[in-house]
file coords_13.txt (compact mmCIF, C-alpha atoms)
# COMPACT_ATOMS: atom_id res chain seq x y z
CA MET R 1 27.47 12.42 21.76
CA ALA R 2 23.76 13.10 21.31
CA SER R 3 24.49 16.14 19.13
CA ASN R 4 26.77 14.02 16.90
CA ILE R 5 23.99 11.47 16.41
CA ILE R 6 21.53 14.24 15.50
CA ILE R 7 24.01 15.68 12.97
CA LEU R 8 24.54 12.24 11.41
CA MET R 9 20.79 11.74 11.12
CA MET R 10 20.39 15.15 9.48
CA ILE R 11 23.14 14.31 6.98
CA MET R 12 21.42 11.00 6.16
CA VAL R 13 18.08 12.75 5.60
CA LEU R 14 19.74 15.32 3.33
CA ARG R 15 21.40 12.55 1.33
CA VAL R 16 18.09 10.71 1.04
CA VAL R 17 16.35 13.84 -0.29
CA GLU R 18 19.25 14.58 -2.66
CA GLY R 19 19.15 11.01 -3.97
CA ALA R 20 15.42 11.22 -4.52
CA ALA R 21 15.37 14.57 -6.33
CA GLU R 22 15.42 13.05 -9.84
CA ARG R 23 13.91 9.70 -8.96
CA ALA R 24 10.61 8.53 -10.39
CA PHE R 25 8.12 6.78 -8.11
CA PHE R 26 5.72 4.06 -9.24
CA VAL R 27 2.87 2.65 -7.16
CA PHE R 28 0.88 -0.56 -7.68
CA GLY R 29 -1.77 -2.23 -5.58
CA ASP R 30 -5.06 -1.66 -3.82
CA SER R 31 -7.04 0.95 -1.85
CA LEU R 32 -4.27 1.44 0.72
CA VAL R 33 -2.21 3.16 -2.00
CA ASP R 34 -4.75 4.24 -4.66
CA THR R 35 -4.61 8.02 -5.12
CA GLY R 36 -7.72 8.28 -7.29
CA ASN R 37 -7.69 5.91 -10.28
CA ASN R 38 -11.08 4.50 -9.34
CA ASN R 39 -12.59 7.98 -9.70
CA TYR R 40 -12.33 7.39 -13.44
CA LEU R 41 -14.02 3.97 -13.36
CA ALA R 42 -17.63 2.80 -13.05
CA THR R 43 -17.13 0.98 -9.76
CA SER R 44 -18.53 0.95 -6.24
CA ALA R 45 -14.96 0.94 -4.83
CA ARG R 46 -14.73 4.73 -4.65
CA ALA R 47 -13.75 7.40 -2.17
CA ASP R 48 -14.94 10.42 -4.10
CA SER R 49 -17.51 11.86 -1.72
CA PRO R 50 -17.27 13.59 1.68
CA PRO R 51 -16.07 13.13 4.32
CA TYR R 52 -13.15 11.48 2.48
CA GLY R 53 -10.40 14.06 2.06
CA ILE R 54 -11.61 16.17 5.00
CA ASP R 55 -7.98 16.76 6.09
CA TYR R 56 -6.43 16.75 2.60
CA PRO R 57 -4.91 20.16 1.71
CA THR R 58 -7.97 20.97 -0.44
CA HIS R 59 -10.39 19.52 2.18
CA ARG R 60 -12.11 17.73 -0.67
CA PRO R 61 -12.38 14.03 -1.58
CA THR R 62 -9.68 12.90 -4.01
CA GLY R 63 -10.29 9.18 -4.38
CA ARG R 64 -7.89 8.37 -1.56
CA PHE R 65 -9.34 6.07 1.09
CA SER R 66 -8.16 8.41 3.81
CA ASN R 67 -9.07 11.54 5.71
CA GLY R 68 -5.95 13.09 4.19
CA LEU R 69 -2.72 11.75 2.71
CA ASN R 70 -2.06 8.08 2.13
CA ILE R 71 1.19 6.09 2.19
CA PRO R 72 2.54 7.01 -1.29
CA ASP R 73 1.77 10.70 -0.68
CA ILE R 74 3.74 10.67 2.56
CA ILE R 75 6.69 8.79 1.02
CA SER R 76 6.82 11.43 -1.74
CA GLU R 77 6.60 14.18 0.87
CA LYS R 78 9.43 12.69 2.95
CA LEU R 79 11.64 12.24 -0.11
CA GLY R 80 10.97 15.78 -1.29
CA ILE R 81 9.47 14.71 -4.62
CA GLN R 82 6.15 15.57 -6.24
CA PRO R 83 3.26 13.23 -5.44
CA THR R 84 2.52 10.76 -8.21
CA LEU R 85 -0.68 11.29 -10.15
CA PRO R 86 -3.17 8.48 -10.81
CA TYR R 87 -2.35 6.90 -14.17
CA LEU R 88 -5.90 7.49 -15.40
CA SER R 89 -5.78 11.19 -14.55
CA PRO R 90 -5.93 13.45 -17.62
CA GLU R 91 -3.38 15.66 -15.84
CA LEU R 92 -0.69 12.99 -16.26
CA GLN R 93 0.88 14.45 -19.38
CA GLY R 94 4.23 15.81 -20.55
CA GLU R 95 6.80 16.57 -17.87
CA LYS R 96 4.52 15.22 -15.14
CA LEU R 97 5.10 11.74 -16.52
CA LEU R 98 8.73 11.98 -15.42
CA VAL R 99 7.65 12.08 -11.75
CA GLY R 100 6.26 8.55 -12.10
CA ALA R 101 2.70 7.29 -11.84
CA ASN R 102 0.26 5.58 -9.51
CA PHE R 103 -1.42 2.54 -11.08
CA ALA R 104 -3.17 1.28 -7.91
CA SER R 105 -6.88 0.56 -7.84
CA ALA R 106 -9.08 -0.02 -4.80
CA GLY R 107 -10.49 -3.52 -4.50
CA VAL R 108 -7.84 -5.47 -6.39
CA GLY R 109 -5.81 -8.41 -5.18
CA VAL R 110 -3.15 -10.76 -6.43
CA LEU R 111 -5.86 -12.99 -7.95
CA ASN R 112 -8.07 -11.87 -10.81
CA ASP R 113 -11.26 -13.08 -9.11
CA THR R 114 -10.60 -10.92 -6.05
CA GLY R 115 -12.91 -7.90 -5.89
CA ILE R 116 -15.29 -9.11 -8.61
CA GLN R 117 -18.13 -7.45 -6.68
CA PHE R 118 -16.57 -4.07 -7.53
CA VAL R 119 -16.85 -4.83 -11.28
CA ASN R 120 -14.61 -2.22 -12.95
CA ILE R 121 -11.27 -2.07 -11.17
CA ILE R 122 -7.72 -2.14 -12.56
CA ARG R 123 -6.61 -5.68 -11.81
CA ILE R 124 -2.90 -6.16 -11.22
CA GLY R 125 -2.29 -7.59 -14.71
CA GLN R 126 -3.82 -4.46 -16.21
CA GLN R 127 -1.77 -2.26 -13.87
CA LEU R 128 1.37 -3.88 -15.28
CA GLU R 129 0.09 -3.39 -18.85
CA TYR R 130 -0.42 0.28 -18.04
CA PHE R 131 3.16 0.38 -16.72
CA ALA R 132 4.41 -0.89 -20.09
CA GLU R 133 2.20 1.69 -21.84
CA TYR R 134 3.56 4.40 -19.52
CA GLN R 135 7.10 3.54 -20.60
CA LYS R 136 6.17 3.98 -24.25
CA ARG R 137 4.66 7.37 -23.46
CA VAL R 138 7.81 8.44 -21.62
CA GLY R 139 9.94 7.06 -24.44
CA ALA R 140 8.10 9.29 -26.89
CA LEU R 141 8.89 12.22 -24.59
CA ILE R 142 12.58 11.67 -23.76
CA GLY R 143 13.68 8.71 -25.89
CA SER R 144 13.50 4.98 -25.16
CA GLU R 145 16.95 4.67 -23.55
CA LYS R 146 16.32 7.51 -21.11
CA ALA R 147 12.89 6.05 -20.38
CA LYS R 148 14.46 2.68 -19.51
CA GLN R 149 16.93 4.45 -17.23
CA LEU R 150 14.13 6.41 -15.53
CA VAL R 151 12.34 3.15 -14.71
CA LYS R 152 15.51 1.31 -13.70
CA GLU R 153 16.44 4.09 -11.25
CA GLY R 154 12.87 4.54 -10.06
CA LEU R 155 11.40 3.50 -6.74
CA VAL R 156 8.44 1.09 -6.74
CA LEU R 157 5.87 0.44 -4.01
CA ILE R 158 3.45 -2.48 -4.32
CA THR R 159 0.69 -3.32 -1.83
CA LEU R 160 -1.37 -6.44 -2.49
CA GLY R 161 -2.76 -9.45 -0.65
CA GLY R 162 -5.24 -8.17 1.92
CA ASN R 163 -8.17 -8.20 -0.49
CA ASP R 164 -7.44 -11.79 -1.48
CA PHE R 165 -8.65 -12.69 2.00
CA VAL R 166 -11.07 -9.92 2.99
CA ASN R 167 -12.74 -9.58 -0.42
CA ASN R 168 -12.37 -13.12 -1.63
CA TYR R 169 -11.66 -16.11 0.65
CA TYR R 170 -13.55 -14.68 3.65
CA LEU R 171 -15.95 -12.41 1.76
CA VAL R 172 -18.93 -14.71 2.34
CA PRO R 173 -19.34 -18.01 4.22
CA PHE R 174 -18.48 -20.95 1.98
CA SER R 175 -16.95 -18.75 -0.70
CA VAL R 176 -15.79 -20.43 -3.90
CA ARG R 177 -12.13 -20.15 -2.90
CA SER R 178 -12.75 -21.43 0.65
CA ARG R 179 -14.48 -24.51 -0.78
CA GLN R 180 -11.66 -24.96 -3.27
CA TYR R 181 -8.74 -24.58 -0.85
CA MET R 182 -7.92 -25.08 2.80
CA LEU R 183 -6.41 -21.84 4.12
CA PRO R 184 -2.73 -22.96 4.08
CA ASP R 185 -3.09 -24.15 0.48
CA TYR R 186 -4.84 -20.94 -0.53
CA VAL R 187 -2.04 -18.85 1.00
CA SER R 188 0.54 -20.87 -0.95
CA TYR R 189 -1.46 -20.35 -4.14
CA VAL R 190 -1.71 -16.57 -3.62
CA ILE R 191 2.04 -16.40 -2.89
CA SER R 192 2.87 -18.34 -6.07
CA GLU R 193 0.69 -15.99 -8.13
CA TYR R 194 2.26 -12.98 -6.42
CA LYS R 195 5.69 -14.26 -7.42
CA ASN R 196 4.55 -14.23 -11.06
CA VAL R 197 3.40 -10.61 -10.65
CA LEU R 198 6.75 -9.54 -9.19
CA GLN R 199 8.71 -11.38 -11.89
CA LYS R 200 6.67 -9.51 -14.49
CA LEU R 201 7.38 -6.23 -12.70
CA TYR R 202 11.09 -7.05 -12.79
CA SER R 203 10.90 -7.90 -16.50
CA LEU R 204 9.37 -4.46 -17.07
CA GLY R 205 12.49 -2.84 -15.60
CA ALA R 206 11.74 -2.34 -11.89
CA ARG R 207 14.91 -2.64 -9.79
CA ARG R 208 13.99 -1.14 -6.39
CA VAL R 209 10.68 -2.54 -5.17
CA ILE R 210 9.20 -2.18 -1.69
CA VAL R 211 6.67 -4.95 -1.14
CA THR R 212 4.32 -4.53 1.81
CA GLY R 213 2.79 -7.47 3.63
CA THR R 214 -0.80 -7.51 4.79
CA GLY R 215 -1.77 -5.71 7.97
CA PRO R 216 -3.39 -7.62 10.86
CA LEU R 217 -6.51 -8.39 8.81
CA GLY R 218 -8.69 -9.47 11.73
CA CYS R 219 -8.13 -6.26 13.71
CA VAL R 220 -9.71 -3.69 11.40
CA PRO R 221 -13.04 -2.21 12.57
CA ALA R 222 -14.96 -3.92 9.75
CA GLU R 223 -13.88 -7.37 10.91
CA LEU R 224 -14.40 -6.53 14.59
CA ALA R 225 -17.97 -5.50 13.74
CA GLN R 226 -18.70 -8.69 11.82
CA ARG R 227 -16.70 -11.33 13.65
CA SER R 228 -15.66 -10.20 17.14
CA ARG R 229 -17.82 -10.62 20.25
CA ASP R 230 -15.48 -8.95 22.72
CA GLY R 231 -13.37 -6.56 20.63
CA SER R 232 -10.51 -8.99 20.13
CA CYS R 233 -9.14 -9.52 16.63
CA ALA R 234 -10.90 -12.10 14.45
CA ASP R 235 -8.93 -15.35 14.65
CA ASP R 236 -9.54 -16.65 11.13
CA LEU R 237 -8.33 -13.51 9.38
CA GLN R 238 -5.43 -13.17 11.79
CA GLN R 239 -4.40 -16.71 10.91
CA ALA R 240 -4.41 -15.75 7.24
CA ALA R 241 -2.01 -12.86 7.95
CA VAL R 242 0.18 -15.09 10.15
CA LEU R 243 0.53 -17.58 7.29
CA PHE R 244 0.82 -15.09 4.44
CA ASN R 245 3.42 -12.61 5.67
CA PRO R 246 6.32 -14.98 6.47
CA GLN R 247 5.78 -16.80 3.18
CA LEU R 248 5.88 -13.46 1.37
CA VAL R 249 9.27 -12.64 2.92
CA GLU R 250 10.56 -16.11 2.04
CA MET R 251 9.38 -15.69 -1.55
CA LEU R 252 11.05 -12.28 -1.83
CA ASN R 253 14.31 -13.68 -0.46
CA GLY R 254 14.12 -16.43 -3.09
CA LEU R 255 13.56 -13.94 -5.89
CA ASN R 256 16.47 -11.80 -4.73
CA SER R 257 18.71 -14.89 -4.63
CA GLU R 258 17.69 -15.83 -8.17
CA ILE R 259 18.38 -12.30 -9.40
CA GLY R 260 21.56 -11.88 -7.34
CA SER R 261 20.54 -8.47 -6.00
CA HIS R 262 18.28 -6.94 -3.33
CA VAL R 263 15.63 -5.80 -5.82
CA PHE R 264 12.69 -6.65 -3.53
CA VAL R 265 12.47 -5.21 -0.02
CA ALA R 266 9.91 -6.57 2.43
CA ALA R 267 7.97 -4.07 4.54
CA ASN R 268 6.52 -5.70 7.67
CA THR R 269 3.34 -3.63 7.68
CA ASN R 270 1.71 -6.26 9.87
CA GLN R 271 4.02 -5.34 12.77
CA MET R 272 3.84 -1.64 11.93
CA HIS R 273 0.06 -1.81 12.39
CA LEU R 274 0.20 -4.09 15.43
CA ASP R 275 2.39 -1.58 17.26
CA PHE R 276 -0.36 1.04 17.36
CA ILE R 277 -3.24 -1.44 17.46
CA THR R 278 -1.98 -3.17 20.60
CA ASP R 279 -0.88 0.06 22.35
CA PRO R 280 -2.75 2.96 20.74
CA GLN R 281 -2.13 5.37 23.62
CA ALA R 282 1.64 5.12 23.09
CA PHE R 283 1.10 6.70 19.68
CA GLY R 284 -1.38 9.33 20.83
CA PHE R 285 -4.51 7.47 19.72
CA VAL R 286 -7.62 7.17 21.87
CA THR R 287 -8.71 3.98 20.10
CA SER R 288 -7.49 1.46 17.54
CA LYS R 289 -10.79 -0.45 17.46
CA VAL R 290 -13.37 2.18 16.52
CA ALA R 291 -13.17 3.82 13.09
CA CYS R 292 -13.46 7.60 12.91
CA CYS R 293 -16.05 7.37 10.11
CA GLY R 294 -18.70 4.68 9.89
CA GLN R 295 -21.71 3.23 11.67
CA GLY R 296 -22.68 0.23 13.74
CA PRO R 297 -20.37 -1.59 16.17
CA TYR R 298 -16.88 -0.05 16.11
CA ASN R 299 -18.15 2.19 13.27
CA GLY R 300 -17.24 -0.86 11.21
CA MET R 301 -20.42 -1.53 9.24
CA GLY R 302 -20.89 -0.40 5.65
CA LEU R 303 -19.12 2.52 4.05
CA CYS R 304 -17.97 5.94 5.23
CA THR R 305 -20.58 8.35 3.83
CA PRO R 306 -21.88 11.87 4.50
CA LEU R 307 -24.48 10.24 6.79
CA SER R 308 -21.95 8.25 8.86
CA ASN R 309 -20.78 8.97 12.38
CA LEU R 310 -17.71 11.19 12.09
CA CYS R 311 -15.14 11.87 14.81
CA SER R 312 -14.06 15.46 15.39
CA ASN R 313 -10.33 14.75 15.82
CA ARG R 314 -8.93 12.29 13.30
CA ASP R 315 -5.53 12.24 15.01
CA GLU R 316 -7.08 10.38 17.95
CA TYR R 317 -8.10 7.43 15.75
CA ALA R 318 -5.88 4.76 14.22
CA PHE R 319 -8.54 3.89 11.63
CA TRP R 320 -10.27 6.38 9.40
CA ASP R 321 -12.97 4.08 8.01
CA PRO R 322 -13.81 0.38 8.54
CA PHE R 323 -10.69 -0.76 6.64
CA HIS R 324 -8.18 2.08 6.20
CA PRO R 325 -5.78 3.89 8.55
CA THR R 326 -5.94 7.62 9.23
CA GLU R 327 -3.28 9.93 7.82
CA LYS R 328 -1.64 9.97 11.25
CA ALA R 329 -1.41 6.15 11.27
CA ASN R 330 -0.08 6.22 7.69
CA ARG R 331 2.66 8.59 8.84
CA ILE R 332 3.70 6.11 11.54
CA ILE R 333 3.88 3.37 8.90
CA VAL R 334 5.96 5.51 6.52
CA GLU R 335 8.37 6.45 9.32
CA GLN R 336 9.11 2.75 9.79
CA ILE R 337 9.48 2.25 6.02
CA LEU R 338 12.04 5.07 6.02
CA THR R 339 13.99 4.36 9.18
CA GLY R 340 12.77 1.06 10.67
CA THR R 341 15.07 -1.71 11.85
CA THR R 342 15.26 -5.09 10.10
CA ASP R 343 12.30 -6.17 12.24
CA TYR R 344 10.25 -3.83 10.04
CA MET R 345 12.21 -3.57 6.78
CA HIS R 346 14.11 -6.52 5.33
CA PRO R 347 16.90 -6.44 4.31
CA MET R 348 17.09 -2.62 4.66
CA ASN R 349 14.94 0.48 5.12
CA LEU R 350 14.19 3.10 2.50
CA SER R 351 16.66 5.66 3.88
CA THR R 352 19.48 3.11 3.54
CA ILE R 353 18.35 2.28 0.00
CA MET R 354 18.35 5.94 -1.00
CA VAL R 355 21.82 6.57 0.44
CA MET R 356 23.23 3.45 -1.22
CA ASP R 357 21.71 4.30 -4.58
CA SER R 358 22.93 7.91 -4.42
CA LYS R 359 26.50 6.57 -4.23
CA ALA R 360 26.05 4.08 -7.06

call {"tool": "encode", "arguments": {"input": "coords_13.txt", "output": "structure tokens"}}
result
Amino acid sequence: MASNIIILMMIMVLRVVEGAAERAFFVFGDSLVDTGNNNYLATSARADSPPYGIDYPTHRPTGRFSNGLNIPDIISEKLGIQPTLPYLSPELQGEKLLVGANFASAGVGVLNDTGIQFVNIIRIGQQLEYFAEYQKRVGALIGSEKAKQLVKEGLVLITLGGNDFVNNYYLVPFSVRSRQYMLPDYVSYVISEYKNVLQKLYSLGARRVIVTGTGPLGCVPAELAQRSRDGSCADDLQQAAVLFNPQLVEMLNGLNSEIGSHVFVAANTNQMHLDFITDPQAFGFVTSKVACCGQGPYNGMGLCTPLSNLCSNRDEYAFWDPFHPTEKANRIIVEQILTGTTDYMHPMNLSTIMVMDSKA
């Protein structure tokens, strides 16, 4: 019986990889998925100096806010496709365009005023404009009809929302947005604006879109350092996540109903994170409170720099820097995106999507 289950799983994985072989991958969002676009911008939201990239294959910083690979890298790896290049990279030319592109930029949110302190970042509206520009470039390469088909059959990952709270509503006491809106009203506003973003993405041809929720915002080392007295997660930011994530799923369900197809898939990254935050030892971590790289309480103050405290074994830490997971934690998240139950992926996981689409 057990051997039959293993064989079935192996067949499913093979089908997933086969289905992905010619599939383009497009990434939108913030620092959780940025693979280096901000390296090409005059911004303080950068990860282009050591020890970032210490466990990347080159052992050099790449612009990823990670010790190694981030979520899009690992999805590409699991699907057996080439990693997507940052859209601003001069290497993204010719045949490499057919792999897809990463438009994400650290610091951005759903709202245009999110991350204004970082000055030059690719706000989500601009990311979508670049996506339209990308399609023209691909059309010039393979023809407009084939370009449309490439996008239609492509896989999309979008990660937004966390910065609208961390780097906007809760950025400073009495922020403009917190004086303008009570939290529940602000959440509703962000969700309504996010719906507009996703409708625009759909109008640009996206037909398979994984939309991640926010993580447990109050549990990252940066917020523990600033807001927690006893190491427990910060209540106000946790409340933001509790309000935001269910409304995001509801909005996605509504969009899918309007379209008449499961275009948008909700990834419950809040629960994916909470699993290893609440029981780090079960996942082989020593701590989920202290960042590997940083300074101050929980290594959560300031940025990860060459002068920061640096742990010797990144696999023992759930968080790499004050805000971002380690590669090992990212791998746990991607495993749930690929194979998770409907508690994690609604209405279906990525492996199911790939098998279904390979038969279409």

call {"tool": "residues_near_point", "arguments": {"input": "coords_13.txt", "point": "(-8.8, 13.6, -5.2)", "cutoff": "10 Å", "atoms": "all atoms listed in the file", "output": "list of chain:residue names"}}
result
R:Thr35, R:Gly36, R:Asn37, R:Asn39, R:Ala47, R:Asp48, R:Ser49, R:Tyr52, R:Gly53, R:Tyr56, R:Thr58, R:His59, R:Arg60, R:Pro61, R:Thr62, R:Gly63, R:Arg64, R:Phe65, R:Gly68, R:Leu85, R:Pro86

call {"tool": "closest_residue", "arguments": {"input": "coords_13.txt", "among": "R:Glu95, R:Glu153, R:Thr326, R:Asn163", "to": "R:Gly139", "atoms": "all atoms listed in the file"}}
result
R:Glu95

call {"tool": "atom_distance", "arguments": {"input": "coords_13.txt", "atom1": "atom CA of R:Gly302", "atom2": "atom CA of R:Gly162"}}
result
17.9 Å

call {"tool": "closest_residue", "arguments": {"input": "coords_13.txt", "among": "R:Asn313, R:Asn349, R:Thr114, R:Asn67", "to": "R:Gly284", "atoms": "all atoms listed in the file"}}
result
R:Asn313

call {"tool": "residues_around", "arguments": {"input": "coords_13.txt", "residues": "stretch 293-298 of chain R", "least_positions_apart": "2", "cutoff": "6 Å", "atoms": "all atoms listed in the file", "output": "CSV table (one decimal) with C-alpha atoms, in the frame of the given file"}}
result
chain,number,residue,atom,x,y,z
R,221,PRO,CA,-13.0,-2.2,12.6
R,225,ALA,CA,-18.0,-5.5,13.7
R,290,VAL,CA,-13.4,2.2,16.5
R,291,ALA,CA,-13.2,3.8,13.1
R,300,GLY,CA,-17.2,-0.9,11.2
R,301,MET,CA,-20.4,-1.5,9.2
R,304,CYS,CA,-18.0,5.9,5.2
R,308,SER,CA,-22.0,8.2,8.9
R,309,ASN,CA,-20.8,9.0,12.4
R,310,LEU,CA,-17.7,11.2,12.1
R,320,TRP,CA,-10.3,6.4,9.4
R,321,ASP,CA,-13.0,4.1,8.0

call {"tool": "atom_distance", "arguments": {"input": "coords_13.txt", "atom1": "atom CA of R:Phe103", "atom2": "atom CA of R:Cys219"}}
result
27.1 Å

call {"tool": "closest_residue", "arguments": {"input": "coords_13.txt", "among": "R:Thr339, R:Gln117, R:Gln135, R:Asn167", "to": "R:Leu97", "atoms": "all atoms listed in the file"}}
result
R:Gln135

call {"tool": "closest_residue", "arguments": {"input": "coords_13.txt", "among": "R:Met272, R:Val110, R:Val334, R:Ile74", "to": "R:Tyr194", "atoms": "all atoms listed in the file"}}
result
R:Val110

call {"tool": "atom_distance", "arguments": {"input": "coords_13.txt", "atom1": "atom CA of R:Gly205", "atom2": "atom CA of R:Val151"}}
result
6.1 Å

call {"tool": "residues_around", "arguments": {"input": "coords_13.txt", "residues": "R:Val99", "least_positions_apart": "6", "cutoff": "7 Å", "atoms": "all atoms listed in the file", "output": "short mmCIF file (atom, residue, chain, number, x, y, z; two decimals) with C-alpha atoms, in the coordinates of the input"}}
result
data_model
loop_
_atom_site.label_atom_id
_atom_site.label_comp_id
_atom_site.auth_asym_id
_atom_site.auth_seq_id
_atom_site.Cartn_x
_atom_site.Cartn_y
_atom_site.Cartn_z
CA ALA R 24 10.61 8.53 -10.39
CA PHE R 25 8.12 6.78 -8.11
CA GLN R 82 6.15 15.57 -6.24
CA THR R 84 2.52 10.76 -8.21
#

call {"tool": "residues_around", "arguments": {"input": "coords_13.txt", "residues": "R:Phe118", "least_positions_apart": "5", "cutoff": "6 Å", "atoms": "only C-alpha atoms", "output": "count of residues only"}}
result
3

call {"tool": "residues_around", "arguments": {"input": "coords_13.txt", "residues": "R:His273", "least_positions_apart": "5", "cutoff": "12 Å", "atoms": "only C-alpha atoms", "output": "ChimeraX atom specification"}}
result
/R:212-220,267-268,278-280,283,288,318-319,324-326,328-334,336,344

call {"tool": "closest_residue", "arguments": {"input": "coords_13.txt", "among": "R:Asn112, R:Gln149, R:Thr159, R:Gln281", "to": "R:Ile71", "atoms": "only C-alpha atoms"}}
result
R:Thr159

call {"tool": "residues_near_point", "arguments": {"input": "coords_13.txt", "point": "(2.7, -16.6, -7.1)", "cutoff": "12 Å", "atoms": "all atoms listed in the file", "output": "PyMOL selection string"}}
result
chain R and resi 109-111+160-161+186-200+244+247-248+251-252+255

call {"tool": "residues_around", "arguments": {"input": "coords_13.txt", "residues": "R:Met348", "least_positions_apart": "6", "cutoff": "10 Å", "atoms": "only C-alpha atoms", "output": "PDB file with C-alpha atoms, in the frame of the given file"}}
result
ATOM      1  CA  HIS R 262      18.280  -6.940  -3.330  1.00  0.00           C
ATOM      2  CA  VAL R 265      12.470  -5.210  -0.020  1.00  0.00           C
ATOM      3  CA  ALA R 266       9.910  -6.570   2.430  1.00  0.00           C
ATOM      4  CA  ALA R 267       7.970  -4.070   4.540  1.00  0.00           C
ATOM      5  CA  ILE R 337       9.480   2.250   6.020  1.00  0.00           C
ATOM      6  CA  LEU R 338      12.040   5.070   6.020  1.00  0.00           C
ATOM      7  CA  THR R 339      13.990   4.360   9.180  1.00  0.00           C
ATOM      8  CA  GLY R 340      12.770   1.060  10.670  1.00  0.00           C
ATOM      9  CA  THR R 341      15.070  -1.710  11.850  1.00  0.00           C
ATOM     10  CA  THR R 342      15.260  -5.090  10.100  1.00  0.00           C
TER      11      THR R 342
END

call {"tool": "closest_residue", "arguments": {"input": "coords_13.txt", "among": "R:Arg314, R:Lys359, R:Arg23, R:Lys136", "to": "R:Arg208", "atoms": "all atoms listed in the file"}}
result
R:Arg23
